[in-house]
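K.L.:
Just so it is clear, I am handing over model00.cif, which has mmCIF, C-alpha atoms.
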data_query
loop_
_atom_site.group_PDB
_atom_site.id
_atom_site.type_symbol
_atom_site.label_atom_id
_atom_site.label_comp_id
_atom_site.auth_asym_id
_atom_site.auth_seq_id
_atom_site.Cartn_x
_atom_site.Cartn_y
_atom_site.Cartn_z
ATOM 1 C CA MET A 1 63.767 -95.900 56.131
ATOM 2 C CA THR A 2 66.913 -94.595 57.726
ATOM 3 C CA GLY A 3 69.739 -92.846 55.945
ATOM 4 C CA VAL A 4 72.997 -91.194 56.746
ATOM 5 C CA VAL A 5 73.468 -87.584 55.779
ATOM 6 C CA SER A 6 76.975 -86.215 55.685
ATOM 7 C CA LEU A 7 77.034 -82.555 56.625
ATOM 8 C CA SER A 8 80.708 -82.199 55.750
ATOM 9 C CA PRO A 9 81.450 -83.922 52.462
ATOM 10 C CA ASP A 10 84.954 -85.216 51.868
ATOM 11 C CA ILE A 11 86.362 -82.283 49.914
ATOM 12 C CA GLU A 12 90.070 -82.251 49.196
ATOM 13 C CA ASP A 13 91.973 -79.105 50.178
ATOM 14 C CA LYS A 14 92.963 -77.176 47.084
ATOM 15 C CA VAL A 15 95.961 -74.844 47.434
ATOM 16 C CA GLU A 16 96.115 -72.532 44.420
ATOM 17 C CA LEU A 17 97.165 -68.998 43.563
ATOM 18 C CA THR A 18 96.252 -67.590 40.161
ATOM 19 C CA PHE A 19 98.318 -64.668 38.885
ATOM 20 C CA GLU A 20 96.971 -62.086 36.430
ATOM 21 C CA GLU A 21 100.342 -62.277 34.700
ATOM 22 C CA LYS A 22 103.387 -64.437 35.286
ATOM 23 C CA LEU A 23 105.835 -62.607 32.986
ATOM 24 C CA VAL A 24 106.319 -58.849 32.659
ATOM 25 C CA ASP A 25 108.451 -57.270 29.943
ATOM 26 C CA PHE A 26 110.200 -54.095 31.143
ATOM 27 C CA GLY A 27 111.574 -53.544 27.636
ATOM 28 C CA GLU A 28 114.755 -51.496 27.269
ATOM 29 C CA VAL A 29 116.360 -50.439 30.540
ATOM 30 C CA ARG A 30 119.476 -48.291 30.890
ATOM 31 C CA ARG A 31 121.998 -49.389 33.493
ATOM 32 C CA GLY A 32 121.197 -47.595 36.751
ATOM 33 C CA GLU A 33 117.476 -47.226 36.037
ATOM 34 C CA LYS A 34 114.763 -48.769 38.178
ATOM 35 C CA ARG A 35 111.488 -50.335 37.099
ATOM 36 C CA GLU A 36 108.503 -51.282 39.259
ATOM 37 C CA HIS A 37 105.595 -53.630 38.777
ATOM 38 C CA THR A 38 102.771 -54.982 40.912
ATOM 39 C CA PHE A 39 101.853 -58.636 40.362
ATOM 40 C CA TYR A 40 98.217 -59.267 41.323
ATOM 41 C CA PHE A 41 96.986 -62.700 42.348
ATOM 42 C CA GLU A 42 93.886 -64.427 43.686
ATOM 43 C CA ASN A 43 93.503 -67.372 46.030
ATOM 44 C CA THR A 44 91.543 -69.670 43.712
ATOM 45 C CA GLY A 45 91.827 -72.606 46.090
ATOM 46 C CA ASN A 46 89.481 -73.533 48.927
ATOM 47 C CA VAL A 47 91.808 -73.041 51.925
ATOM 48 C CA ASP A 48 93.583 -70.054 53.468
ATOM 49 C CA ILE A 49 96.999 -69.475 51.909
ATOM 50 C CA GLU A 50 100.010 -67.869 53.545
ATOM 51 C CA ILE A 51 103.177 -66.862 51.724
ATOM 52 C CA ASP A 52 106.213 -68.087 53.653
ATOM 53 C CA LEU A 53 109.015 -66.667 51.534
ATOM 54 C CA VAL A 54 109.564 -64.624 48.389
ATOM 55 C CA SER A 55 113.035 -64.706 46.883
ATOM 56 C CA SER A 56 114.746 -63.244 43.875
ATOM 57 C CA CYS A 57 118.119 -61.806 42.889
ATOM 58 C CA ASP A 58 119.777 -58.974 44.820
ATOM 59 C CA CYS A 59 118.631 -56.572 42.081
ATOM 60 C CA THR A 60 114.992 -56.974 43.146
ATOM 61 C CA THR A 61 113.201 -55.628 46.207
ATOM 62 C CA ILE A 62 109.801 -57.167 46.879
ATOM 63 C CA ASP A 63 106.954 -55.956 49.075
ATOM 64 C CA TRP A 64 104.589 -58.842 49.834
ATOM 65 C CA PRO A 65 101.842 -59.688 52.346
ATOM 66 C CA GLU A 66 104.187 -61.318 54.876
ATOM 67 C CA GLY A 67 102.399 -63.270 57.608
ATOM 68 C CA LYS A 68 98.972 -62.507 56.145
ATOM 69 C CA LYS A 69 96.457 -65.294 55.530
ATOM 70 C CA ILE A 70 94.807 -64.944 52.140
ATOM 71 C CA LYS A 71 91.266 -66.302 52.213
ATOM 72 C CA PRO A 72 89.739 -68.279 49.326
ATOM 73 C CA GLY A 73 88.513 -65.817 46.688
ATOM 74 C CA ALA A 74 90.616 -62.963 48.086
ATOM 75 C CA ARG A 75 93.005 -60.920 45.955
ATOM 76 C CA ASP A 76 96.374 -59.493 46.955
ATOM 77 C CA SER A 77 99.636 -58.435 45.349
ATOM 78 C CA LEU A 78 103.426 -58.501 45.307
ATOM 79 C CA HIS A 79 105.213 -55.270 44.397
ATOM 80 C CA ALA A 80 108.625 -55.696 42.744
ATOM 81 C CA ILE A 81 111.254 -52.989 42.279
ATOM 82 C CA PHE A 82 114.085 -53.828 39.890
ATOM 83 C CA ASP A 83 117.392 -51.903 40.091
ATOM 84 C CA SER A 84 119.610 -52.389 37.029
ATOM 85 C CA THR A 85 122.706 -50.726 38.533
ATOM 86 C CA ASP A 86 124.810 -53.902 38.816
ATOM 87 C CA LYS A 87 123.509 -55.664 35.701
ATOM 88 C CA GLU A 88 125.886 -56.553 32.865
ATOM 89 C CA GLU A 89 123.438 -58.002 30.319
ATOM 90 C CA SER A 90 119.798 -58.529 29.389
ATOM 91 C CA GLU A 91 118.060 -61.101 31.542
ATOM 92 C CA THR A 92 114.875 -62.813 32.663
ATOM 93 C CA VAL A 93 114.623 -62.685 36.467
ATOM 94 C CA ASP A 94 112.685 -65.248 38.520
ATOM 95 C CA ILE A 95 110.714 -64.348 41.623
ATOM 96 C CA ASP A 96 109.995 -67.502 43.633
ATOM 97 C CA ILE A 97 106.975 -67.563 45.945
ATOM 98 C CA ILE A 98 106.924 -70.330 48.549
ATOM 99 C CA LEU A 99 103.775 -70.983 50.575
ATOM 100 C CA THR A 100 103.489 -72.291 54.134
ATOM 101 C CA ASN A 101 100.831 -74.625 52.703
ATOM 102 C CA THR A 102 101.737 -78.042 51.346
ATOM 103 C CA ASP A 103 100.082 -80.141 48.655
ATOM 104 C CA LYS A 104 98.105 -83.327 49.401
ATOM 105 C CA ASN A 105 101.387 -85.297 49.537
ATOM 106 C CA GLY A 106 103.009 -82.902 52.019
ATOM 107 C CA ASN A 107 105.286 -81.273 49.432
ATOM 108 C CA PRO A 108 105.996 -77.530 49.452
ATOM 109 C CA VAL A 109 103.842 -75.420 47.151
ATOM 110 C CA PHE A 110 105.624 -72.726 45.184
ATOM 111 C CA TYR A 111 105.101 -70.457 42.197
ATOM 112 C CA THR A 112 107.481 -68.556 39.937
ATOM 113 C CA ILE A 113 106.715 -65.231 38.306
ATOM 114 C CA GLN A 114 109.207 -63.362 36.138
ATOM 115 C CA TYR A 115 110.216 -60.098 34.569
ATOM 116 C CA LYS A 116 112.587 -59.539 31.697
ATOM 117 C CA PHE A 117 114.505 -56.583 30.358
ATOM 118 C CA VAL A 118 116.906 -55.585 27.604
ATOM 119 C CA LEU A 119 119.911 -53.778 29.095
ATOM 120 C CA ILE A 120 121.028 -50.653 27.249
ATOM 121 C CA GLN A 121 124.533 -49.612 28.276
#
Can you present the structure in this file as structure tokens?

P.N.:
Amino acid sequence: MTGVVSLSPDIEDKVELTFEEKLVDFGEVRRGEKREHTFYFENTGNVDIEIDLVSSCDCTTIDWPEGKKIKPGARDSLHAIFDSTDKEESETVDIDIILTNTDKNGNPVFYTIQYKFVLIQ
């Protein structure tokens, strides 16, 4: 009896980041104050992931693992610094994370995390 054994099963690439938290509440913030937060994430997919771009408003500075490949199962982080100096009102701010990876249809893969604050004048 002869059989065929496949040593590399047809497994679909899974591109996925899982964040410990997607929304952080900075609470009350006086104009001119800064707040910082580190967003931790894990590559819960089965392929290396690379972050291509992280964007947010001008009030936010972000330190992220630029150009670094994040292996499946690996953890990393994005550090956000919010400066309320030019803010006029309370807000929820989006931080968009765009990967170099694409989904199975060739579409860009992106995630959005957020922080919110109540501005005290």

K.L.:
Nearest residue to Tyr40 of chain A out of A:Val93, A:Leu78, A:Ile120, A:Leu99, using all atoms listed in the file?

P.N.:
A:Leu78

K.L.:
What do you get, as a PyMOL selection string, if you spell out every residue that the PyMOL selection byres ((chain A and resi 30) around 7) selects here?

P.N.:
chain A and resi 28-29+31-33+119-121

K.L.:
Taking the file as shown, find all residues satisfying the PyMOL selection byres ((chain A and resi 105) around 12) and write them as a PyMOL selection string.

P.N.:
chain A and resi 12-15+101-104+106-109

K.L.:
Find the residues near Pro65 of chain A: any atom within 9 Å, counting only C-alpha atoms, skip ones fewer than 3 places away on the same chain, and give them as a short mmCIF file (atom, residue, chain, number, x, y, z; two decimals) with C-alpha atoms, keeping the file's coordinate frame.

P.N.:
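Output below, filename around_28.cif:
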data_model
loop_
_atom_site.label_atom_id
_atom_site.label_comp_id
_atom_site.auth_asym_id
_atom_site.auth_seq_id
_atom_site.Cartn_x
_atom_site.Cartn_y
_atom_site.Cartn_z
CA GLU A 50 100.01 -67.87 53.54
CA ILE A 51 103.18 -66.86 51.72
CA LYS A 68 98.97 -62.51 56.14
CA LYS A 69 96.46 -65.29 55.53
CA ILE A 70 94.81 -64.94 52.14
CA ASP A 76 96.37 -59.49 46.96
CA SER A 77 99.64 -58.44 45.35
CA LEU A 78 103.43 -58.50 45.31
#

K.L.:
If you measure from atom CA of Thr92 of chain A to atom CA of Tyr115 of chain A, what distance in Å do you get, rounded to one decimal?

P.N.:
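Straight-line distance from atom CA of Thr92 of chain A to atom CA of Tyr115 of chain A works out to 5.7 Å.
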